[in-house]
>>> print(open('model_38.tsv').read())   # TSV, N, CA and C atoms
chain	number	residue	atom	x	y	z
A	301	GLN	N	-1.69	-16.90	12.22
A	301	GLN	CA	-1.36	-16.50	10.87
A	301	GLN	C	-1.38	-14.98	10.78
A	302	VAL	N	-0.32	-14.42	10.16
A	302	VAL	CA	-0.23	-12.98	10.00
A	302	VAL	C	-1.33	-12.54	9.05
A	303	PRO	N	-2.13	-11.56	9.44
A	303	PRO	CA	-3.28	-11.19	8.60
A	303	PRO	C	-2.90	-10.54	7.27
A	304	VAL	N	-1.82	-9.77	7.29
A	304	VAL	CA	-1.45	-9.03	6.09
A	304	VAL	C	0.07	-9.05	5.96
A	305	VAL	N	0.56	-9.32	4.78
A	305	VAL	CA	2.01	-9.38	4.57
A	305	VAL	C	2.39	-8.54	3.35
A	306	GLU	N	3.29	-7.59	3.59
A	306	GLU	CA	3.80	-6.78	2.48
A	306	GLU	C	5.14	-7.32	2.01
A	307	SER	N	5.47	-6.99	0.77
A	307	SER	CA	6.79	-7.31	0.23
A	307	SER	C	7.11	-6.34	-0.89
A	308	GLY	N	8.39	-6.28	-1.26
A	308	GLY	CA	8.78	-5.50	-2.41
A	308	GLY	C	9.55	-4.23	-2.13
A	309	GLY	N	9.74	-3.89	-0.87
A	309	GLY	CA	10.52	-2.70	-0.57
A	309	GLY	C	11.99	-2.91	-0.85
A	310	GLY	N	12.76	-1.83	-0.76
A	310	GLY	CA	14.19	-1.94	-0.99
A	310	GLY	C	14.82	-0.60	-1.25
A	311	LEU	N	16.03	-0.64	-1.73
A	311	LEU	CA	16.80	0.56	-2.05
A	311	LEU	C	16.82	0.76	-3.56
A	312	VAL	N	16.51	1.98	-3.99
A	312	VAL	CA	16.49	2.28	-5.41
A	312	VAL	C	16.99	3.71	-5.61
A	313	GLN	N	17.58	3.97	-6.76
A	313	GLN	CA	18.03	5.32	-7.07
A	313	GLN	C	16.86	6.18	-7.53
A	314	ALA	N	17.01	7.47	-7.34
A	314	ALA	CA	15.97	8.40	-7.81
A	314	ALA	C	15.71	8.17	-9.29
A	315	GLY	N	14.42	8.20	-9.64
A	315	GLY	CA	14.03	7.92	-11.01
A	315	GLY	C	13.71	6.47	-11.28
A	316	GLY	N	14.04	5.62	-10.33
A	316	GLY	CA	13.80	4.19	-10.49
A	316	GLY	C	12.38	3.78	-10.12
A	317	SER	N	12.16	2.47	-10.13
A	317	SER	CA	10.83	1.91	-9.87
A	317	SER	C	10.90	0.77	-8.87
A	318	LEU	N	9.80	0.60	-8.16
A	318	LEU	CA	9.61	-0.55	-7.28
A	318	LEU	C	8.15	-0.95	-7.32
A	319	ARG	N	7.89	-2.20	-7.03
A	319	ARG	CA	6.51	-2.70	-6.96
A	319	ARG	C	6.31	-3.36	-5.61
A	320	LEU	N	5.36	-2.85	-4.86
A	320	LEU	CA	5.01	-3.43	-3.58
A	320	LEU	C	3.81	-4.35	-3.73
A	321	SER	N	3.81	-5.41	-2.94
A	321	SER	CA	2.70	-6.35	-2.94
A	321	SER	C	2.18	-6.52	-1.52
A	322	CYS	N	0.89	-6.82	-1.43
A	322	CYS	CA	0.27	-7.06	-0.12
A	322	CYS	C	-0.70	-8.22	-0.27
A	323	VAL	N	-0.50	-9.23	0.54
A	323	VAL	CA	-1.35	-10.41	0.50
A	323	VAL	C	-2.12	-10.51	1.82
A	324	ALA	N	-3.42	-10.67	1.70
A	324	ALA	CA	-4.27	-10.80	2.88
A	324	ALA	C	-4.47	-12.27	3.24
A	325	SER	N	-4.58	-12.51	4.52
A	325	SER	CA	-4.87	-13.87	4.99
A	325	SER	C	-6.22	-14.34	4.46
A	326	LYS	N	-6.32	-15.64	4.21
A	326	LYS	CA	-7.58	-16.21	3.73
A	326	LYS	C	-8.68	-16.10	4.79
A	327	ASN	N	-8.29	-15.78	6.01
A	327	ASN	CA	-9.26	-15.65	7.10
A	327	ASN	C	-9.92	-14.28	7.16
A	328	ILE	N	-9.48	-13.38	6.31
A	328	ILE	CA	-10.08	-12.05	6.27
A	328	ILE	C	-11.11	-12.00	5.16
A	329	PHE	N	-12.32	-11.60	5.53
A	329	PHE	CA	-13.42	-11.59	4.57
A	329	PHE	C	-14.02	-10.20	4.43
A	330	SER	N	-14.80	-10.06	3.39
A	330	SER	CA	-15.56	-8.82	3.16
A	330	SER	C	-14.65	-7.59	3.12
A	331	ILE	N	-13.55	-7.73	2.41
A	331	ILE	CA	-12.65	-6.58	2.24
A	331	ILE	C	-13.29	-5.58	1.31
A	332	ASN	N	-13.32	-4.33	1.73
A	332	ASN	CA	-13.85	-3.28	0.87
A	332	ASN	C	-12.70	-2.52	0.22
A	333	THR	N	-12.00	-1.75	1.01
A	333	THR	CA	-10.93	-0.92	0.46
A	333	THR	C	-9.57	-1.51	0.81
A	334	MET	N	-8.70	-1.53	-0.16
A	334	MET	CA	-7.30	-1.89	0.05
A	334	MET	C	-6.47	-0.64	-0.17
A	335	GLY	N	-5.43	-0.48	0.61
A	335	GLY	CA	-4.67	0.74	0.46
A	335	GLY	C	-3.23	0.63	0.90
A	336	TRP	N	-2.51	1.70	0.60
A	336	TRP	CA	-1.12	1.85	1.02
A	336	TRP	C	-0.96	3.19	1.74
A	337	TYR	N	-0.26	3.15	2.83
A	337	TYR	CA	0.10	4.33	3.59
A	337	TYR	C	1.61	4.31	3.78
A	338	ARG	N	2.15	5.46	4.14
A	338	ARG	CA	3.59	5.51	4.39
A	338	ARG	C	3.90	6.45	5.54
A	339	GLN	N	5.04	6.18	6.16
A	339	GLN	CA	5.48	7.01	7.27
A	339	GLN	C	6.97	7.25	7.15
A	340	ALA	N	7.32	8.49	6.94
A	340	ALA	CA	8.73	8.88	6.88
A	340	ALA	C	9.23	9.17	8.28
A	341	PRO	N	10.55	9.11	8.50
A	341	PRO	CA	11.09	9.40	9.83
A	341	PRO	C	10.65	10.76	10.35
A	342	GLY	N	10.12	10.77	11.57
A	342	GLY	CA	9.70	12.02	12.18
A	342	GLY	C	8.39	12.57	11.67
A	343	GLU	N	7.73	11.83	10.79
A	343	GLU	CA	6.48	12.30	10.20
A	343	GLU	C	5.32	11.39	10.62
A	344	GLN	N	4.10	11.89	10.40
A	344	GLN	CA	2.93	11.06	10.66
A	344	GLN	C	2.66	10.15	9.47
A	345	ARG	N	1.96	9.07	9.74
A	345	ARG	CA	1.58	8.17	8.65
A	345	ARG	C	0.59	8.90	7.74
A	346	GLU	N	0.78	8.73	6.42
A	346	GLU	CA	-0.08	9.41	5.47
A	346	GLU	C	-0.57	8.45	4.40
A	347	LEU	N	-1.72	8.81	3.85
A	347	LEU	CA	-2.30	8.03	2.77
A	347	LEU	C	-1.44	8.15	1.51
A	348	VAL	N	-1.23	7.03	0.84
A	348	VAL	CA	-0.58	7.04	-0.46
A	348	VAL	C	-1.62	6.78	-1.55
A	349	ALA	N	-2.34	5.68	-1.42
A	349	ALA	CA	-3.34	5.32	-2.43
A	349	ALA	C	-4.29	4.29	-1.86
A	350	THR	N	-5.53	4.32	-2.36
A	350	THR	CA	-6.51	3.30	-2.00
A	350	THR	C	-7.25	2.85	-3.25
A	351	ILE	N	-7.84	1.67	-3.15
A	351	ILE	CA	-8.64	1.14	-4.25
A	351	ILE	C	-9.79	0.34	-3.66
A	352	THR	N	-10.99	0.57	-4.16
A	352	THR	CA	-12.16	-0.14	-3.66
A	352	THR	C	-12.36	-1.45	-4.42
A	353	THR	N	-13.31	-2.22	-3.95
A	353	THR	CA	-13.63	-3.48	-4.63
A	353	THR	C	-14.02	-3.24	-6.07
A	354	GLY	N	-14.70	-2.15	-6.31
A	354	GLY	CA	-15.14	-1.83	-7.66
A	354	GLY	C	-14.06	-1.21	-8.53
A	355	GLY	N	-12.91	-0.95	-7.94
A	355	GLY	CA	-11.80	-0.41	-8.74
A	355	GLY	C	-11.62	1.10	-8.67
A	356	THR	N	-12.39	1.76	-7.85
A	356	THR	CA	-12.22	3.21	-7.71
A	356	THR	C	-10.95	3.50	-6.92
A	357	THR	N	-10.12	4.36	-7.47
A	357	THR	CA	-8.83	4.65	-6.85
A	357	THR	C	-8.77	6.08	-6.32
A	358	ASN	N	-7.88	6.26	-5.35
A	358	ASN	CA	-7.65	7.57	-4.77
A	358	ASN	C	-6.16	7.67	-4.47
A	359	TYR	N	-5.56	8.79	-4.84
A	359	TYR	CA	-4.12	8.96	-4.66
A	359	TYR	C	-3.81	10.26	-3.92
A	360	ALA	N	-2.73	10.24	-3.16
A	360	ALA	CA	-2.21	11.48	-2.62
A	360	ALA	C	-1.69	12.32	-3.77
A	361	ASP	N	-1.82	13.63	-3.65
A	361	ASP	CA	-1.38	14.52	-4.73
A	361	ASP	C	0.10	14.31	-5.05
A	362	SER	N	0.88	13.99	-4.05
A	362	SER	CA	2.32	13.88	-4.24
A	362	SER	C	2.73	12.68	-5.08
A	363	VAL	N	1.83	11.72	-5.28
A	363	VAL	CA	2.20	10.52	-6.04
A	363	VAL	C	1.38	10.37	-7.33
A	364	LYS	N	0.43	11.24	-7.55
A	364	LYS	CA	-0.40	11.15	-8.76
A	364	LYS	C	0.47	11.20	-10.01
A	365	GLY	N	0.18	10.29	-10.92
A	365	GLY	CA	0.93	10.23	-12.17
A	365	GLY	C	2.20	9.41	-12.09
A	366	ARG	N	2.59	9.04	-10.88
A	366	ARG	CA	3.81	8.25	-10.70
A	366	ARG	C	3.52	6.87	-10.12
A	367	PHE	N	2.55	6.79	-9.23
A	367	PHE	CA	2.21	5.53	-8.58
A	367	PHE	C	0.88	5.00	-9.11
A	368	THR	N	0.76	3.68	-9.16
A	368	THR	CA	-0.49	3.04	-9.59
A	368	THR	C	-0.83	1.92	-8.63
A	369	ILE	N	-2.04	1.96	-8.10
A	369	ILE	CA	-2.51	0.90	-7.22
A	369	ILE	C	-3.43	-0.02	-8.01
A	370	SER	N	-3.33	-1.31	-7.74
A	370	SER	CA	-4.19	-2.29	-8.40
A	370	SER	C	-4.48	-3.42	-7.42
A	371	ARG	N	-5.46	-4.24	-7.76
A	371	ARG	CA	-5.83	-5.33	-6.85
A	371	ARG	C	-6.32	-6.54	-7.62
A	372	ASP	N	-6.17	-7.69	-6.99
A	372	ASP	CA	-6.70	-8.94	-7.49
A	372	ASP	C	-7.64	-9.45	-6.40
A	373	ASN	N	-8.93	-9.26	-6.59
A	373	ASN	CA	-9.89	-9.61	-5.54
A	373	ASN	C	-9.88	-11.11	-5.24
A	374	ALA	N	-9.73	-11.91	-6.25
A	374	ALA	CA	-9.77	-13.36	-6.05
A	374	ALA	C	-8.61	-13.82	-5.18
A	375	GLU	N	-7.47	-13.18	-5.33
A	375	GLU	CA	-6.28	-13.57	-4.58
A	375	GLU	C	-6.09	-12.74	-3.32
A	376	LYS	N	-7.01	-11.80	-3.06
A	376	LYS	CA	-6.90	-10.92	-1.89
A	376	LYS	C	-5.53	-10.27	-1.84
A	377	THR	N	-5.12	-9.79	-2.98
A	377	THR	CA	-3.78	-9.19	-3.12
A	377	THR	C	-3.92	-7.83	-3.75
A	378	HIS	N	-3.11	-6.88	-3.32
A	378	HIS	CA	-3.05	-5.63	-4.04
A	378	HIS	C	-1.61	-5.16	-4.16
A	379	TYR	N	-1.40	-4.25	-5.09
A	379	TYR	CA	-0.07	-3.87	-5.49
A	379	TYR	C	0.05	-2.34	-5.54
A	380	LEU	N	1.27	-1.89	-5.43
A	380	LEU	CA	1.56	-0.47	-5.65
A	380	LEU	C	2.78	-0.39	-6.57
A	381	GLN	N	2.54	-0.01	-7.79
A	381	GLN	CA	3.64	0.22	-8.74
A	381	GLN	C	4.11	1.65	-8.58
A	382	MET	N	5.38	1.81	-8.24
A	382	MET	CA	5.95	3.13	-7.98
A	382	MET	C	7.01	3.42	-9.02
A	383	ASN	N	6.76	4.44	-9.82
A	383	ASN	CA	7.70	4.86	-10.86
A	383	ASN	C	8.21	6.26	-10.57
A	384	SER	N	9.29	6.62	-11.22
A	384	SER	CA	9.88	7.95	-11.06
A	384	SER	C	10.04	8.31	-9.59
A	385	LEU	N	10.60	7.40	-8.86
A	385	LEU	CA	10.73	7.59	-7.42
A	385	LEU	C	11.66	8.75	-7.10
A	386	LYS	N	11.31	9.43	-6.01
A	386	LYS	CA	12.07	10.57	-5.54
A	386	LYS	C	12.58	10.30	-4.12
A	387	PRO	N	13.64	10.99	-3.70
A	387	PRO	CA	14.10	10.81	-2.32
A	387	PRO	C	13.00	11.07	-1.28
A	388	ASP	N	12.08	11.98	-1.60
A	388	ASP	CA	10.97	12.27	-0.68
A	388	ASP	C	10.01	11.10	-0.52
A	389	ASP	N	10.11	10.11	-1.38
A	389	ASP	CA	9.26	8.92	-1.26
A	389	ASP	C	9.81	7.93	-0.23
A	390	THR	N	11.00	8.21	0.28
A	390	THR	CA	11.59	7.33	1.28
A	390	THR	C	10.72	7.26	2.52
A	391	ALA	N	10.34	6.04	2.89
A	391	ALA	CA	9.44	5.85	4.04
A	391	ALA	C	9.23	4.36	4.26
A	392	VAL	N	8.60	4.05	5.37
A	392	VAL	CA	8.08	2.70	5.56
A	392	VAL	C	6.66	2.68	5.00
A	393	TYR	N	6.40	1.76	4.11
A	393	TYR	CA	5.10	1.66	3.46
A	393	TYR	C	4.28	0.54	4.12
A	394	TYR	N	3.06	0.89	4.47
A	394	TYR	CA	2.17	-0.04	5.15
A	394	TYR	C	0.97	-0.39	4.30
A	395	CYS	N	0.66	-1.66	4.30
A	395	CYS	CA	-0.52	-2.15	3.61
A	395	CYS	C	-1.71	-2.06	4.56
A	396	ASN	N	-2.86	-1.68	4.05
A	396	ASN	CA	-4.08	-1.58	4.85
A	396	ASN	C	-5.23	-2.27	4.14
A	397	LEU	N	-6.04	-2.96	4.94
A	397	LEU	CA	-7.29	-3.54	4.45
A	397	LEU	C	-8.42	-3.00	5.32
A	398	HIS	N	-9.49	-2.58	4.68
A	398	HIS	CA	-10.65	-2.07	5.42
A	398	HIS	C	-11.86	-2.90	4.99
A	399	THR	N	-12.52	-3.52	5.97
A	399	THR	CA	-13.65	-4.38	5.63
A	399	THR	C	-14.97	-3.62	5.67
A	400	ILE	N	-16.00	-4.26	5.14
A	400	ILE	CA	-17.32	-3.64	5.14
A	400	ILE	C	-17.87	-3.52	6.56
A	401	TRP	N	-17.28	-4.25	7.50
A	401	TRP	CA	-17.70	-4.20	8.90
A	401	TRP	C	-16.97	-3.12	9.68
A	402	GLY	N	-16.08	-2.39	8.99
A	402	GLY	CA	-15.37	-1.31	9.66
A	402	GLY	C	-14.08	-1.71	10.34
A	403	MET	N	-13.62	-2.93	10.09
A	403	MET	CA	-12.36	-3.37	10.68
A	403	MET	C	-11.19	-3.01	9.78
A	404	ASP	N	-10.08	-2.68	10.40
A	404	ASP	CA	-8.85	-2.36	9.69
A	404	ASP	C	-7.76	-3.36	10.05
A	405	TYR	N	-7.04	-3.78	9.03
A	405	TYR	CA	-5.89	-4.65	9.22
A	405	TYR	C	-4.67	-3.95	8.62
A	406	TRP	N	-3.56	-4.02	9.34
A	406	TRP	CA	-2.32	-3.38	8.90
A	406	TRP	C	-1.20	-4.40	8.80
A	407	GLY	N	-0.36	-4.20	7.81
A	407	GLY	CA	0.86	-4.97	7.73
A	407	GLY	C	1.93	-4.37	8.63
A	408	LYS	N	3.05	-5.05	8.72
A	408	LYS	CA	4.15	-4.57	9.57
A	408	LYS	C	4.99	-3.51	8.89
A	409	GLY	N	4.81	-3.35	7.59
A	409	GLY	CA	5.53	-2.32	6.86
A	409	GLY	C	6.73	-2.85	6.10
A	410	THR	N	7.02	-2.18	5.01
A	410	THR	CA	8.20	-2.51	4.21
A	410	THR	C	8.93	-1.19	3.88
A	411	LEU	N	10.23	-1.18	4.06
A	411	LEU	CA	11.01	0.04	3.90
A	411	LEU	C	11.36	0.28	2.44
A	412	VAL	N	11.08	1.49	2.00
A	412	VAL	CA	11.48	1.96	0.67
A	412	VAL	C	12.45	3.11	0.87
A	413	THR	N	13.64	2.95	0.30
A	413	THR	CA	14.66	3.99	0.40
A	413	THR	C	15.05	4.43	-1.00
A	414	VAL	N	14.92	5.72	-1.27
A	414	VAL	CA	15.27	6.27	-2.58
A	414	VAL	C	16.48	7.17	-2.41
A	415	SER	N	17.57	6.80	-3.06
A	415	SER	CA	18.80	7.58	-2.95
A	415	SER	C	18.87	8.62	-4.06
A	416	SER	N	19.50	9.73	-3.76
A	416	SER	CA	19.60	10.82	-4.75
A	416	SER	C	20.83	10.67	-5.62
>>> encode(input="model_38.tsv", output="structure tokens")
Amino acid sequence: QVPVVESGGGLVQAGGSLRLSCVASKNIFSINTMGWYRQAPGEQRELVATITTGGTTNYADSVKGRFTISRDNAEKTHYLQMNSLKPDDTAVYYCNLHTIWGMDYWGKGTLVTVSS
């Protein structure tokens, strides 16, 4: 069973919105932080946003005020609402789960393309 599955990527015009979803396998326990990272062509993977079990959020400066991360602990699901998208947001977005035991799980990524 795939541990983490993302969905919701696609092509959108600048100024538009997309919502990404990430569902964790029922076999993953003790999840602490859920997050989203992205990697643009030729660039290193970077943090987009994270959210802890208690709801504390952290955002990259480049997405503050435009993106919102949320989670449903019971469903082991988290989301990234992306508004006012810019061409610079074009990247493959990866879902991440970090457990209290220090283990990390990554999704395979979902492509977000923002056209100008």
>>> closest_residue(input="model_38.tsv", among="A:Pro387, A:Gly407, A:Gly316, A:Gly402", to="Ser330 of chain A", atoms="only C-alpha atoms")
A:Gly402
>>> residues_around(input="model_38.tsv", residues="Pro303 of chain A", least_positions_apart="4", cutoff="9 Å", atoms="only C-alpha atoms", output="ChimeraX atom specification")
/A:323-328,405-407
>>> closest_residue(input="model_38.tsv", among="A:Val414, A:Gly315, A:Val305, A:Gly354", to="Asn383 of chain A", atoms="only N, CA and C atoms")
A:Gly315
>>> residues_around(input="model_38.tsv", residues="segment 343-352 of chain A", least_positions_apart="3", cutoff="8 Å", atoms="all atoms listed in the file", output="ChimeraX atom specification")
/A:331-340,355-364,367-371
>>> residues_near_point(input="model_38.tsv", point="(13.0, 5.6, -9.0)", cutoff="12 Å", atoms="only C-alpha atoms", output="list of chain:residue names")
A:Gly310, A:Leu311, A:Val312, A:Gln313, A:Ala314, A:Gly315, A:Gly316, A:Ser317, A:Leu318, A:Arg319, A:Arg366, A:Phe367, A:Gln381, A:Met382, A:Asn383, A:Ser384, A:Leu385, A:Lys386, A:Pro387, A:Asp388, A:Asp389, A:Thr390, A:Val412, A:Thr413, A:Val414, A:Ser415, A:Ser416
>>> residues_near_point(input="model_38.tsv", point="(4.3, 1.1, -0.8)", cutoff="6.5 Å", atoms="only N, CA and C atoms", output="PyMOL selection string")
chain A and resi 320+336-337+380+392-394
>>> select_by_dssp(input="model_38.tsv", residues="segment 315-406 of chain A", states="strand (DSSP E)", output="number ranges by chain")
A: 318-324, 331-339, 346-351, 357-359, 367-372, 377-382, 391-399, 404-406
>>> atom_distance(input="model_38.tsv", atom1="atom CA of Lys376 of chain A", atom2="atom CA of Ser321 of chain A")
10.7 Å
>>> axis_aligned_box(input="model_38.tsv", around="segment 347-354 of chain A", padding_each_side="5 Å", output="JSON")
{"center_x": -7.9, "center_y": 2.7, "center_z": -2.3, "size_x": 24.6, "size_y": 22.3, "size_z": 22.4}
>>> atom_distance(input="model_38.tsv", atom1="atom CA of His398 of chain A", atom2="atom C of Asn373 of chain A")
14.0 Å
>>> atom_distance(input="model_38.tsv", atom1="atom N of Val302 of chain A", atom2="atom C of Pro341 of chain A")
27.5 Å
>>> closest_residue(input="model_38.tsv", among="A:Ser307, A:Phe329, A:Cys322, A:Thr353", to="Thr399 of chain A", atoms="all atoms listed in the file")
A:Phe329
>>> build_atoms(input="model_38.tsv", residues="segment 335-361 of chain A", atoms="N, CA, C and O atoms", output="PDB file, in the frame of the given file")
ATOM      1  N   GLY A 335      -5.430  -0.480   0.610  1.00  0.00           N
ATOM      2  CA  GLY A 335      -4.670   0.740   0.460  1.00  0.00           C
ATOM      3  C   GLY A 335      -3.230   0.630   0.900  1.00  0.00           C
ATOM      4  O   GLY A 335      -2.788  -0.393   1.434  1.00  0.00           O
ATOM      5  N   TRP A 336      -2.510   1.700   0.600  1.00  0.00           N
ATOM      6  CA  TRP A 336      -1.120   1.850   1.020  1.00  0.00           C
ATOM      7  C   TRP A 336      -0.960   3.190   1.740  1.00  0.00           C
ATOM      8  O   TRP A 336      -1.492   4.208   1.282  1.00  0.00           O
ATOM      9  N   TYR A 337      -0.260   3.150   2.830  1.00  0.00           N
ATOM     10  CA  TYR A 337       0.100   4.330   3.590  1.00  0.00           C
ATOM     11  C   TYR A 337       1.610   4.310   3.780  1.00  0.00           C
ATOM     12  O   TYR A 337       2.246   3.278   3.618  1.00  0.00           O
ATOM     13  N   ARG A 338       2.150   5.460   4.140  1.00  0.00           N
ATOM     14  CA  ARG A 338       3.590   5.510   4.390  1.00  0.00           C
ATOM     15  C   ARG A 338       3.900   6.450   5.540  1.00  0.00           C
ATOM     16  O   ARG A 338       3.123   7.358   5.835  1.00  0.00           O
ATOM     17  N   GLN A 339       5.040   6.180   6.160  1.00  0.00           N
ATOM     18  CA  GLN A 339       5.480   7.010   7.270  1.00  0.00           C
ATOM     19  C   GLN A 339       6.970   7.250   7.150  1.00  0.00           C
ATOM     20  O   GLN A 339       7.767   6.300   7.222  1.00  0.00           O
ATOM     21  N   ALA A 340       7.320   8.490   6.940  1.00  0.00           N
ATOM     22  CA  ALA A 340       8.730   8.880   6.880  1.00  0.00           C
ATOM     23  C   ALA A 340       9.230   9.170   8.280  1.00  0.00           C
ATOM     24  O   ALA A 340       8.435   9.467   9.175  1.00  0.00           O
ATOM     25  N   PRO A 341      10.550   9.110   8.500  1.00  0.00           N
ATOM     26  CA  PRO A 341      11.090   9.400   9.830  1.00  0.00           C
ATOM     27  C   PRO A 341      10.650  10.760  10.350  1.00  0.00           C
ATOM     28  O   PRO A 341      10.761  11.765   9.646  1.00  0.00           O
ATOM     29  N   GLY A 342      10.120  10.770  11.570  1.00  0.00           N
ATOM     30  CA  GLY A 342       9.700  12.020  12.180  1.00  0.00           C
ATOM     31  C   GLY A 342       8.390  12.570  11.670  1.00  0.00           C
ATOM     32  O   GLY A 342       7.982  13.671  12.076  1.00  0.00           O
ATOM     33  N   GLU A 343       7.730  11.830  10.790  1.00  0.00           N
ATOM     34  CA  GLU A 343       6.480  12.300  10.200  1.00  0.00           C
ATOM     35  C   GLU A 343       5.320  11.390  10.620  1.00  0.00           C
ATOM     36  O   GLU A 343       5.520  10.269  11.081  1.00  0.00           O
ATOM     37  N   GLN A 344       4.100  11.890  10.400  1.00  0.00           N
ATOM     38  CA  GLN A 344       2.930  11.060  10.660  1.00  0.00           C
ATOM     39  C   GLN A 344       2.660  10.150   9.470  1.00  0.00           C
ATOM     40  O   GLN A 344       3.083  10.445   8.345  1.00  0.00           O
ATOM     41  N   ARG A 345       1.960   9.070   9.740  1.00  0.00           N
ATOM     42  CA  ARG A 345       1.580   8.170   8.650  1.00  0.00           C
ATOM     43  C   ARG A 345       0.590   8.900   7.740  1.00  0.00           C
ATOM     44  O   ARG A 345      -0.330   9.575   8.204  1.00  0.00           O
ATOM     45  N   GLU A 346       0.780   8.730   6.420  1.00  0.00           N
ATOM     46  CA  GLU A 346      -0.080   9.410   5.470  1.00  0.00           C
ATOM     47  C   GLU A 346      -0.570   8.450   4.400  1.00  0.00           C
ATOM     48  O   GLU A 346       0.061   7.445   4.094  1.00  0.00           O
ATOM     49  N   LEU A 347      -1.720   8.810   3.850  1.00  0.00           N
ATOM     50  CA  LEU A 347      -2.300   8.030   2.770  1.00  0.00           C
ATOM     51  C   LEU A 347      -1.440   8.150   1.510  1.00  0.00           C
ATOM     52  O   LEU A 347      -1.011   9.249   1.158  1.00  0.00           O
ATOM     53  N   VAL A 348      -1.230   7.030   0.840  1.00  0.00           N
ATOM     54  CA  VAL A 348      -0.580   7.040  -0.460  1.00  0.00           C
ATOM     55  C   VAL A 348      -1.620   6.780  -1.550  1.00  0.00           C
ATOM     56  O   VAL A 348      -1.780   7.573  -2.485  1.00  0.00           O
ATOM     57  N   ALA A 349      -2.340   5.680  -1.420  1.00  0.00           N
ATOM     58  CA  ALA A 349      -3.340   5.320  -2.430  1.00  0.00           C
ATOM     59  C   ALA A 349      -4.290   4.290  -1.860  1.00  0.00           C
ATOM     60  O   ALA A 349      -3.916   3.483  -1.005  1.00  0.00           O
ATOM     61  N   THR A 350      -5.530   4.320  -2.360  1.00  0.00           N
ATOM     62  CA  THR A 350      -6.510   3.300  -2.000  1.00  0.00           C
ATOM     63  C   THR A 350      -7.250   2.850  -3.250  1.00  0.00           C
ATOM     64  O   THR A 350      -7.310   3.572  -4.255  1.00  0.00           O
ATOM     65  N   ILE A 351      -7.840   1.670  -3.150  1.00  0.00           N
ATOM     66  CA  ILE A 351      -8.640   1.140  -4.250  1.00  0.00           C
ATOM     67  C   ILE A 351      -9.790   0.340  -3.660  1.00  0.00           C
ATOM     68  O   ILE A 351      -9.598  -0.465  -2.743  1.00  0.00           O
ATOM     69  N   THR A 352     -10.990   0.570  -4.160  1.00  0.00           N
ATOM     70  CA  THR A 352     -12.160  -0.140  -3.660  1.00  0.00           C
ATOM     71  C   THR A 352     -12.360  -1.450  -4.420  1.00  0.00           C
ATOM     72  O   THR A 352     -11.703  -1.696  -5.438  1.00  0.00           O
ATOM     73  N   THR A 353     -13.310  -2.220  -3.950  1.00  0.00           N
ATOM     74  CA  THR A 353     -13.630  -3.480  -4.630  1.00  0.00           C
ATOM     75  C   THR A 353     -14.020  -3.240  -6.070  1.00  0.00           C
ATOM     76  O   THR A 353     -13.687  -4.032  -6.961  1.00  0.00           O
ATOM     77  N   GLY A 354     -14.700  -2.150  -6.310  1.00  0.00           N
ATOM     78  CA  GLY A 354     -15.140  -1.830  -7.660  1.00  0.00           C
ATOM     79  C   GLY A 354     -14.060  -1.210  -8.530  1.00  0.00           C
ATOM     80  O   GLY A 354     -14.299  -0.950  -9.710  1.00  0.00           O
ATOM     81  N   GLY A 355     -12.910  -0.950  -7.940  1.00  0.00           N
ATOM     82  CA  GLY A 355     -11.800  -0.410  -8.740  1.00  0.00           C
ATOM     83  C   GLY A 355     -11.620   1.100  -8.670  1.00  0.00           C
ATOM     84  O   GLY A 355     -10.758   1.646  -9.367  1.00  0.00           O
ATOM     85  N   THR A 356     -12.390   1.760  -7.850  1.00  0.00           N
ATOM     86  CA  THR A 356     -12.220   3.210  -7.710  1.00  0.00           C
ATOM     87  C   THR A 356     -10.950   3.500  -6.920  1.00  0.00           C
ATOM     88  O   THR A 356     -10.743   2.939  -5.848  1.00  0.00           O
ATOM     89  N   THR A 357     -10.120   4.360  -7.470  1.00  0.00           N
ATOM     90  CA  THR A 357      -8.830   4.650  -6.850  1.00  0.00           C
ATOM     91  C   THR A 357      -8.770   6.080  -6.320  1.00  0.00           C
ATOM     92  O   THR A 357      -9.490   6.971  -6.767  1.00  0.00           O
ATOM     93  N   ASN A 358      -7.880   6.260  -5.350  1.00  0.00           N
ATOM     94  CA  ASN A 358      -7.650   7.570  -4.770  1.00  0.00           C
ATOM     95  C   ASN A 358      -6.160   7.670  -4.470  1.00  0.00           C
ATOM     96  O   ASN A 358      -5.568   6.719  -3.951  1.00  0.00           O
ATOM     97  N   TYR A 359      -5.560   8.790  -4.840  1.00  0.00           N
ATOM     98  CA  TYR A 359      -4.120   8.960  -4.660  1.00  0.00           C
ATOM     99  C   TYR A 359      -3.810  10.260  -3.920  1.00  0.00           C
ATOM    100  O   TYR A 359      -4.504  11.268  -4.092  1.00  0.00           O
ATOM    101  N   ALA A 360      -2.730  10.240  -3.160  1.00  0.00           N
ATOM    102  CA  ALA A 360      -2.210  11.480  -2.620  1.00  0.00           C
ATOM    103  C   ALA A 360      -1.690  12.320  -3.770  1.00  0.00           C
ATOM    104  O   ALA A 360      -1.168  11.780  -4.763  1.00  0.00           O
ATOM    105  N   ASP A 361      -1.820  13.630  -3.650  1.00  0.00           N
ATOM    106  CA  ASP A 361      -1.380  14.520  -4.730  1.00  0.00           C
ATOM    107  C   ASP A 361       0.100  14.310  -5.050  1.00  0.00           C
ATOM    108  O   ASP A 361       0.515  14.422  -6.211  1.00  0.00           O
TER     109      ASP A 361
END
